[in-house]
Amino acid sequence: MEASFLRDQWYVAATSAEIAAKPLARTICNENLVLFRRADGRIAVLEDRCPHRQAPLSLGEVVGDDIQCGYHGVRFRGDGACTLIPSQTDLPIPRNFSVRAYAAEEIHGLAFVWIGDAAKADRSLIPDWSANTSPDFTTVHGYHYVRANYMLLVDNLLDLTHLTYVHKATLAAGPSGHIWLKDQDVTVEGEAVHTSRTVRGAEPSGLIRATRRFVSGQVDRFQTSDFYPPCFVRVTLGAEAAGEADAMKGPHHVVLNAATPETEATTHYFWSVPRAYALGEEAVSEIFYGVTKAAFDEDAAMIEAQQRTMATDPNGGKLVNFRGDLASQAARRIMDRKLREQAMKASVAAE
Amino acid sequence: MEASFLRDQWYVAATSAEIAAKPLARTICNENLVLFRRADGRIAVLEDRCPHRQAPLSLGEVVGDDIQCGYHGVRFRGDGACTLIPSQTDLPIPRNFSVRAYAAEEIHGLAFVWIGDAAKADRSLIPDWSANTSPDFTTVHGYHYVRANYMLLVDNLLDLTHLTYVHKATLAAGPSGHIWLKDQDVTVEGEAVHTSRTVRGAEPSGLIRATRRFVSGQVDRFQTSDFYPPCFVRVTLGAEAAGEADAMKGPHHVVLNAATPETEATTHYFWSVPRAYALGEEAVSEIFYGVTKAAFDEDAAMIEAQQRTMATDPNGGKLVNFRGDLASQAARRIMDRKLREQAMKASVAAE
Amino acid sequence: MEASFLRDQWYVAATSAEIAAKPLARTICNENLVLFRRADGRIAVLEDRCPHRQAPLSLGEVVGDDIQCGYHGVRFRGDGACTLIPSQTDLPIPRNFSVRAYAAEEIHGLAFVWIGDAAKADRSLIPDWSANTSPDFTTVHGYHYVRANYMLLVDNLLDLTHLTYVHKATLAAGPSGHIWLKDQDVTVEGEAVHTSRTVRGAEPSGLIRATRRFVSGQVDRFQTSDFYPPCFVRVTLGAEAAGEADAMKGPHHVVLNAATPETEATTHYFWSVPRAYALGEEAVSEIFYGVTKAAFDEDAAMIEAQQRTMATDPNGGKLVNFRGDLASQAARRIMDRKLREQAMKASVAAE
């Protein structure tokens, strides 16, 4: 488990729907932020701390394009500049009296915030979560607050074997072939990790049965998981009646996961499930939301238990890797390397 | 924020009404106290710790003028001397087997306790809170437990500009002149800080409208705040129909505030509001209590948020001072000087 | 209060009834255990930590004689050996991939676990709690979770004077002779401490009145307490109509107490009350359970208050001993000596 976070990265801070009339407080990578929507509709992200008396700006209100502190009425623009000090309007605003501003982009139905040097923020580095808003998909959105380190959630999403044990009633298929991982494919491409497996002749999962109507018979399934630093995992799934797997060209549904660290030991887990069938059918959306919510409740319970167990391990919380952990092992190697590079740069900069 | 407390000082520990048949546990300046009322009616304050097996004496009961431990029946007088050890009544009480006793005075409807050297306790140093029990006033009393350092509460009471933002519905007047502080008056007199401002032609506040019946028209108002170390603030208020401010001779009501530190991060906030009009009118008392309670709920929420924000500030919780902070800046300077003097004396004594 | 625990000792970890189909998580002496019952009926105790990804095994399930991790299905035998890794069944189990196993014995209706070197576990060292399951007694069982160090509970059980103050309505007799301890008898025999006193002509306690039907008149009572390291106390009680104490040959009821440390500041308190009369009478059992439960609630409240007071004592939580503390003083001397010996052995072994 890392003691620090990767900086100069995009993190999901909120869904678009969360940023409404009232300012929203959220902690990301141990930094306290306030998100608000300006009169012109654009979002702004500031440090959630009025530099006057340290009141959180999130207790204030939005006035036009500015946020006004709820304690003494001091106002700040979205770029952090102070625009009003009510107790001394006859004096100029003091130099350097401003709030730290964060680069932020609203896209794919989400608010991404750049943790690090705002000057380096590059919109093109935002992961492609476009299925969320594509007309080719219908999407359900969810959020879990998880009391565990975000990498335990990444592990969970990259391992392909826990479904049988954790998600018996929701996502698991029958025992046939489900665990057999000799033929799984794990590849590293730059900083991304890709893993895939195809399961032939399996029982359909509860979710597939409920929404795809394979009333009887077995299915061929494929599952791929793609990891992108620092905390993004796209899971792509398809299923066809047994023997027709080769006909599967595209995904039947996708699970887009952003495991945003709040602190070392807590995670904001933003997830969405765009599906390529039954578009616009509300009843199917309800099933997708309900099953995914139930399954991620199961994951969260297990991951939080892992976190507690690791925290009390006299031997430091060591993890052992088996075949099912190949992808998460690759992801952790990439993260470890990037964190080491970051630490080296910081130590050079400090000299 | 100070890391320690000013000693050899009076602090409000309880209201008179709180000290009844059952012993009362209360922590003041990190010291655990038990307060009780003896058969003779006088209050006594001891360390809340039986020296036998460390049971808190506050779980025991008052027997005559003594307090009896609830675990094994050991009894102590109000001066801390042990009077009975039930398991060995045939033996003398061991020398030095006693509880620490605190100097305490009951006056102005409050129990004041002297934190420090009891031999130095001087009743004449108790602040003049006599309006509480004066026949010229009718008084309501209240208490808030505030999860913040007491000096943040002192700041709040000495600044004259937060009313507009924090107390919109209760104490604020309209915007006219309310924030304009060029004419405020801040003076330091010995260890006391006095600040006053007069606002002419303002909208009456909700409290004034509700109790003084200025049904229409504007008012002239004056507000003064007086700080006395370590944690006392008297706010005096008057209001007359606009143009008659010069006729205001005395207060219309007073807010007496004692922000007693429990720990560095929590405060026992004892407040009372003596008023000079509508004496004995229960309906007016209900308005005074209700509005003040609501307003101090608003303050407590803001101050607790400040405390949390300061606690997570990587830069140490620095405060910036504007014109509205002149009085609290003066108060903090006095407190800092007294705490430095105290630390110097302690270091000399230790040599 | 000791900073560490006595090792190579039996501790009560659970009642037999608690170890059923689902695995049971329990922390003993800061070690996280999982207890489960195998298909063959025997109990097994392992460290509650899957060495794969640190999920607690207690979230899994029992499969035959093994426990199966609830995250990825890895299985372990009662001796800690791994028997299945689902993601790589074609490969041998890695050497050294196993879970720590604890020696455990189920006897007297309880599960005893050996904390320390399993090779040294000796069933004959389990204290004689056999009244629990003897046909000569009818027994009620109870459990309290106490937020205090276990030695404060041992103190409580060895002191004979707190009944008058803590248990006014339940176990106390009238004031006559109850506190007079000049004639108490405290003896040390090896590592055990025995204390006894006989009270003649006392009011019967509420429990005696309710179950023995001394409707009127006084009684003679005897009480003995026996301490066995590390945390066992047997209290034996008898009562007869006044003047007949010499006729008391055996106990009328026994209170068997195991104050198992969970952490330095929390205790699993397993208690049982075998009685030698009214055998099998459910109504009498209900009285015994109800009165004991109520009395131990009173004890727990006092002991938890002691713990909190000691934790905030600037002078380190020192205890003073009076005549009522002779037995607990002897018990603490034995424990201190054994803990010192243990520390010495550990430091020799480390050289």
# chains A, B, ... in the order shown; residues from 1 in each chain; ligands from 1
$ interface_residues --of "chain B" --to "chain A" --cutoff "10 Å" --atoms "only C-alpha atoms" --output "ChimeraX atom specification"
/B:152,155-156,159-167,178-182,299,301-314,317-325
$ select_by_dssp --residues "segment 118-288 of chain A" --states "helix (DSSP H, G or I)" --output "NGL selection string"
:A and (118-120 or 123-125 or 130-133 or 150-158 or 163-166 or 206-212 or 245-247 or 282-288)
$ write_last_selection --atoms "N, CA and C atoms" --output "tab-separated table (two decimals), in the first residue's frame"
chain	number	residue	atom	x	y	z
A	118	ALA	N	-1.38	22.75	-11.67
A	118	ALA	CA	-2.48	23.06	-12.59
A	118	ALA	C	-1.96	23.42	-13.97
A	119	ALA	N	-0.76	23.98	-14.05
A	119	ALA	CA	-0.22	24.39	-15.35
A	119	ALA	C	0.01	23.19	-16.26
A	120	LYS	N	0.15	22.01	-15.67
A	120	LYS	CA	0.42	20.81	-16.48
A	120	LYS	C	-0.84	20.08	-16.87
A	123	ARG	N	-6.19	18.11	-20.89
A	123	ARG	CA	-7.50	17.48	-21.05
A	123	ARG	C	-7.43	16.17	-21.83
A	124	SER	N	-6.42	16.06	-22.72
A	124	SER	CA	-6.35	14.85	-23.55
A	124	SER	C	-5.96	13.63	-22.74
A	125	LEU	N	-5.51	13.84	-21.51
A	125	LEU	CA	-5.11	12.68	-20.68
A	125	LEU	C	-6.29	12.09	-19.91
A	130	SER	N	-16.27	7.79	-22.55
A	130	SER	CA	-17.30	8.42	-23.38
A	130	SER	C	-18.55	7.57	-23.53
A	131	ALA	N	-18.45	6.27	-23.26
A	131	ALA	CA	-19.67	5.44	-23.35
A	131	ALA	C	-20.76	5.98	-22.42
A	132	ASN	N	-20.34	6.63	-21.32
A	132	ASN	CA	-21.30	7.21	-20.36
A	132	ASN	C	-22.34	8.09	-21.06
A	133	THR	N	-21.91	8.84	-22.07
A	133	THR	CA	-22.80	9.83	-22.69
A	133	THR	C	-23.05	9.54	-24.16
A	150	TYR	N	-7.46	2.68	-2.19
A	150	TYR	CA	-8.00	2.53	-3.55
A	150	TYR	C	-7.36	1.39	-4.32
A	151	MET	N	-6.11	1.02	-4.02
A	151	MET	CA	-5.47	-0.05	-4.79
A	151	MET	C	-6.09	-1.42	-4.49
A	152	LEU	N	-6.71	-1.56	-3.30
A	152	LEU	CA	-7.42	-2.82	-3.03
A	152	LEU	C	-8.63	-2.94	-3.93
A	153	LEU	N	-9.22	-1.80	-4.27
A	153	LEU	CA	-10.36	-1.81	-5.20
A	153	LEU	C	-9.88	-2.09	-6.61
A	154	VAL	N	-8.73	-1.52	-6.99
A	154	VAL	CA	-8.15	-1.82	-8.31
A	154	VAL	C	-7.84	-3.30	-8.41
A	155	ASP	N	-7.20	-3.86	-7.37
A	155	ASP	CA	-6.94	-5.31	-7.35
A	155	ASP	C	-8.22	-6.08	-7.64
A	156	ASN	N	-9.27	-5.71	-6.94
A	156	ASN	CA	-10.54	-6.42	-7.04
A	156	ASN	C	-11.05	-6.41	-8.47
A	157	LEU	N	-10.89	-5.28	-9.16
A	157	LEU	CA	-11.45	-5.14	-10.50
A	157	LEU	C	-10.59	-5.80	-11.56
A	158	LEU	N	-9.33	-6.07	-11.22
A	158	LEU	CA	-8.43	-6.70	-12.18
A	158	LEU	C	-8.36	-8.20	-12.01
A	163	LEU	N	-15.38	-13.40	-8.51
A	163	LEU	CA	-16.82	-13.39	-8.79
A	163	LEU	C	-17.52	-14.64	-8.23
A	164	THR	N	-16.84	-15.78	-8.38
A	164	THR	CA	-17.43	-17.05	-7.94
A	164	THR	C	-17.71	-17.06	-6.44
A	165	TYR	N	-16.89	-16.34	-5.66
A	165	TYR	CA	-16.99	-16.44	-4.20
A	165	TYR	C	-17.72	-15.25	-3.58
A	166	VAL	N	-17.44	-14.07	-4.11
A	166	VAL	CA	-18.01	-12.85	-3.51
A	166	VAL	C	-19.41	-12.57	-4.05
A	206	GLY	N	-26.57	-14.32	-13.04
A	206	GLY	CA	-27.88	-13.78	-12.70
A	206	GLY	C	-28.20	-12.52	-13.50
A	207	LEU	N	-27.20	-11.64	-13.65
A	207	LEU	CA	-27.43	-10.40	-14.39
A	207	LEU	C	-27.77	-10.68	-15.85
A	208	ILE	N	-27.02	-11.61	-16.46
A	208	ILE	CA	-27.28	-11.94	-17.87
A	208	ILE	C	-28.67	-12.56	-18.00
A	209	ARG	N	-28.97	-13.48	-17.11
A	209	ARG	CA	-30.30	-14.13	-17.18
A	209	ARG	C	-31.40	-13.08	-17.09
A	210	ALA	N	-31.22	-12.12	-16.18
A	210	ALA	CA	-32.29	-11.16	-15.92
A	210	ALA	C	-32.47	-10.16	-17.06
A	211	THR	N	-31.40	-9.87	-17.79
A	211	THR	CA	-31.52	-8.79	-18.78
A	211	THR	C	-31.35	-9.26	-20.23
A	212	ARG	N	-30.72	-10.42	-20.45
A	212	ARG	CA	-30.49	-10.85	-21.83
A	212	ARG	C	-31.43	-11.97	-22.23
A	245	ALA	N	-19.50	-17.47	-29.45
A	245	ALA	CA	-18.61	-16.46	-28.88
A	245	ALA	C	-17.82	-15.75	-29.98
A	246	ASP	N	-17.45	-16.47	-31.02
A	246	ASP	CA	-16.63	-15.84	-32.05
A	246	ASP	C	-17.39	-14.73	-32.76
A	247	ALA	N	-18.71	-14.78	-32.65
A	247	ALA	CA	-19.53	-13.75	-33.29
A	247	ALA	C	-19.56	-12.46	-32.48
A	282	GLU	N	-36.31	1.44	-19.08
A	282	GLU	CA	-36.15	1.78	-17.67
A	282	GLU	C	-36.08	0.54	-16.78
A	283	ALA	N	-36.89	-0.46	-17.12
A	283	ALA	CA	-36.91	-1.68	-16.29
A	283	ALA	C	-35.55	-2.38	-16.32
A	284	VAL	N	-34.91	-2.38	-17.49
A	284	VAL	CA	-33.58	-3.00	-17.60
A	284	VAL	C	-32.55	-2.15	-16.84
A	285	SER	N	-32.69	-0.84	-16.93
A	285	SER	CA	-31.78	0.03	-16.17
A	285	SER	C	-31.90	-0.24	-14.67
A	286	GLU	N	-33.11	-0.46	-14.21
A	286	GLU	CA	-33.29	-0.75	-12.78
A	286	GLU	C	-32.58	-2.03	-12.37
A	287	ILE	N	-32.66	-3.04	-13.25
A	287	ILE	CA	-31.96	-4.29	-12.95
A	287	ILE	C	-30.44	-4.05	-12.91
A	288	PHE	N	-29.94	-3.34	-13.92
A	288	PHE	CA	-28.49	-3.09	-13.96
A	288	PHE	C	-28.03	-2.34	-12.71
$ residues_around --residues "Ile19 of chain A" --least-positions-apart "5" --cutoff "8 Å" --atoms "only C-alpha atoms" --output "PDB file with C-alpha atoms, in the first residue's frame"
ATOM      1  CA  ALA A  14     -17.914  14.150  -8.577  1.00  0.00           C
ATOM      2  CA  LEU A  24     -19.893  20.570  -2.745  1.00  0.00           C
ATOM      3  CA  LEU A  35     -16.630  22.271  -6.217  1.00  0.00           C
ATOM      4  CA  PHE A  36     -19.225  24.725  -7.472  1.00  0.00           C
ATOM      5  CA  ARG A  37     -21.027  25.648 -10.669  1.00  0.00           C
ATOM      6  CA  ILE A  43     -17.524  24.195 -12.858  1.00  0.00           C
TER       7      ILE A  43
END
$ atom_distance --atom1 "atom CA of Tyr143 of chain B" --atom2 "atom CA of Thr266 of chain B"
13.2 Å
$ residues_around --residues "Leu46 of chain C" --least-positions-apart "2" --cutoff "8 Å" --atoms "only C-alpha atoms" --output "PyMOL selection string"
chain C and resi 33-35+44+48+78-80+99-102
$ closest_residue --among "A:Ser347, A:Ser16, A:Thr260, A:Gln342" --to "Val146 of chain A" --atoms "only C-alpha atoms"
A:Thr260
$ select_by_dssp --residues "segment 139-346 of chain B" --states "strand (DSSP E or B)" --output "VMD selection string"
chain B and resid 139 to 146 185 to 189 192 to 202 219 to 228 232 to 241 253 to 263 266 to 275
$ residues_around --residues "Asp336 of chain C" --least-positions-apart "2" --cutoff "12 Å" --atoms "only C-alpha atoms" --output "list in words"
Met1, Glu2, Ala3, Ser4, Phe5, Leu6, Met151, Glu191, Pro229, Pro230, Ser328, Gln329, Ala330, Ala331, Arg332, Arg333, Ile334, Lys338, Leu339, Arg340, Glu341, Gln342 and Ala343 of chain C
$ atom_distance --atom1 "atom CA of Val45 of chain B" --atom2 "atom CA of Ala121 of chain B"
13.5 Å
$ residues_around --residues "Ile115 of chain A" --least-positions-apart "3" --cutoff "7 Å" --atoms "only C-alpha atoms" --output "list in words"
Arg7, Asp8, Gln9 and Trp10 of chain A
$ residues_around --residues "Ala17 of chain B" --least-positions-apart "4" --cutoff "10 Å" --atoms "only C-alpha atoms" --output "PyMOL selection string"
chain B and resi 109-111
$ write_last_selection --atoms "all heavy atoms" --output "CSV table (one decimal), in the first residue's frame"
chain,number,residue,atom,x,y,z
B,109,GLY,N,-25.1,33.3,39.6
B,109,GLY,CA,-25.8,32.2,39.1
B,109,GLY,C,-24.9,31.1,38.4
B,109,GLY,O,-25.4,30.2,37.8
B,110,LEU,N,-23.6,31.3,38.7
B,110,LEU,CA,-22.6,30.4,38.1
B,110,LEU,C,-21.6,29.8,39.1
B,110,LEU,O,-21.4,30.4,40.1
B,110,LEU,CB,-21.8,31.1,37.0
B,110,LEU,CG,-22.6,31.7,35.8
B,110,LEU,CD1,-21.8,32.6,35.0
B,110,LEU,CD2,-23.1,30.5,34.9
B,111,ALA,N,-21.0,28.7,38.8
B,111,ALA,CA,-19.9,28.2,39.6
B,111,ALA,C,-18.6,28.5,38.9
B,111,ALA,O,-18.4,28.0,37.8
B,111,ALA,CB,-20.1,26.7,39.8
$ atom_distance --atom1 "atom CA of Val113 of chain B" --atom2 "atom CA of Phe232 of chain B"
14.0 Å
$ decode --residues "segment 58-69 of chain C" --atoms "all heavy atoms" --output "short mmCIF file (atom, residue, chain, number, x, y, z; two decimals), in the first residue's frame"
data_model
loop_
_atom_site.label_atom_id
_atom_site.label_comp_id
_atom_site.auth_asym_id
_atom_site.auth_seq_id
_atom_site.Cartn_x
_atom_site.Cartn_y
_atom_site.Cartn_z
N SER C 58 -12.64 -15.36 8.54
CA SER C 58 -13.95 -15.44 9.21
C SER C 58 -15.09 -14.97 8.30
O SER C 58 -16.25 -15.26 8.58
CB SER C 58 -13.94 -14.60 10.49
OG SER C 58 -13.51 -13.28 10.22
N LEU C 59 -14.78 -14.30 7.20
CA LEU C 59 -15.83 -13.94 6.24
C LEU C 59 -16.11 -15.08 5.26
O LEU C 59 -16.97 -14.95 4.40
CB LEU C 59 -15.45 -12.68 5.45
CG LEU C 59 -15.45 -11.36 6.22
CD1 LEU C 59 -15.28 -10.19 5.26
CD2 LEU C 59 -16.76 -11.18 6.99
N GLY C 60 -15.35 -16.18 5.38
CA GLY C 60 -15.55 -17.31 4.48
C GLY C 60 -16.53 -18.32 5.05
O GLY C 60 -17.40 -17.98 5.84
N GLU C 61 -16.36 -19.59 4.63
CA GLU C 61 -17.29 -20.61 5.10
C GLU C 61 -16.54 -21.92 5.34
O GLU C 61 -15.44 -22.13 4.83
CB GLU C 61 -18.42 -20.81 4.09
CG GLU C 61 -17.96 -21.25 2.71
CD GLU C 61 -19.10 -21.16 1.69
OE1 GLU C 61 -19.82 -22.16 1.53
OE2 GLU C 61 -19.25 -20.08 1.07
N VAL C 62 -17.17 -22.78 6.14
CA VAL C 62 -16.57 -24.08 6.42
C VAL C 62 -17.00 -25.04 5.31
O VAL C 62 -18.19 -25.12 4.97
CB VAL C 62 -17.02 -24.60 7.80
CG1 VAL C 62 -16.39 -25.96 8.08
CG2 VAL C 62 -16.63 -23.59 8.89
N VAL C 63 -16.01 -25.72 4.72
CA VAL C 63 -16.28 -26.72 3.68
C VAL C 63 -15.64 -28.02 4.16
O VAL C 63 -14.42 -28.15 4.13
CB VAL C 63 -15.70 -26.27 2.32
CG1 VAL C 63 -15.92 -27.36 1.27
CG2 VAL C 63 -16.30 -24.95 1.88
N GLY C 64 -16.47 -28.93 4.65
CA GLY C 64 -15.93 -30.17 5.22
C GLY C 64 -15.12 -29.86 6.45
O GLY C 64 -15.61 -29.21 7.39
N ASP C 65 -13.86 -30.26 6.48
CA ASP C 65 -13.00 -29.99 7.62
C ASP C 65 -12.16 -28.73 7.41
O ASP C 65 -11.38 -28.35 8.29
CB ASP C 65 -12.06 -31.18 7.86
CG ASP C 65 -12.79 -32.35 8.49
OD1 ASP C 65 -13.95 -32.18 8.90
OD2 ASP C 65 -12.21 -33.44 8.54
N ASP C 66 -12.36 -28.07 6.26
CA ASP C 66 -11.53 -26.90 5.93
C ASP C 66 -12.33 -25.61 6.07
O ASP C 66 -13.55 -25.62 6.11
CB ASP C 66 -11.05 -27.00 4.47
CG ASP C 66 -10.09 -28.17 4.26
OD1 ASP C 66 -9.72 -28.83 5.27
OD2 ASP C 66 -9.75 -28.44 3.10
N ILE C 67 -11.59 -24.51 6.12
CA ILE C 67 -12.23 -23.20 6.00
C ILE C 67 -11.83 -22.61 4.65
O ILE C 67 -10.67 -22.72 4.23
CB ILE C 67 -11.85 -22.27 7.18
CG1 ILE C 67 -12.71 -21.00 7.14
CG2 ILE C 67 -10.37 -21.93 7.19
CD1 ILE C 67 -12.70 -20.21 8.44
N GLN C 68 -12.82 -22.03 3.96
CA GLN C 68 -12.60 -21.51 2.60
C GLN C 68 -12.70 -19.99 2.65
O GLN C 68 -13.70 -19.44 3.13
CB GLN C 68 -13.66 -22.08 1.66
CG GLN C 68 -13.67 -21.44 0.28
CD GLN C 68 -14.67 -22.10 -0.65
OE1 GLN C 68 -14.52 -23.25 -1.04
NE2 GLN C 68 -15.73 -21.37 -0.98
N CYS C 69 -11.68 -19.33 2.14
CA CYS C 69 -11.68 -17.86 2.13
C CYS C 69 -12.83 -17.35 1.28
O CYS C 69 -13.08 -17.85 0.18
CB CYS C 69 -10.35 -17.34 1.60
SG CYS C 69 -10.27 -15.52 1.57
#
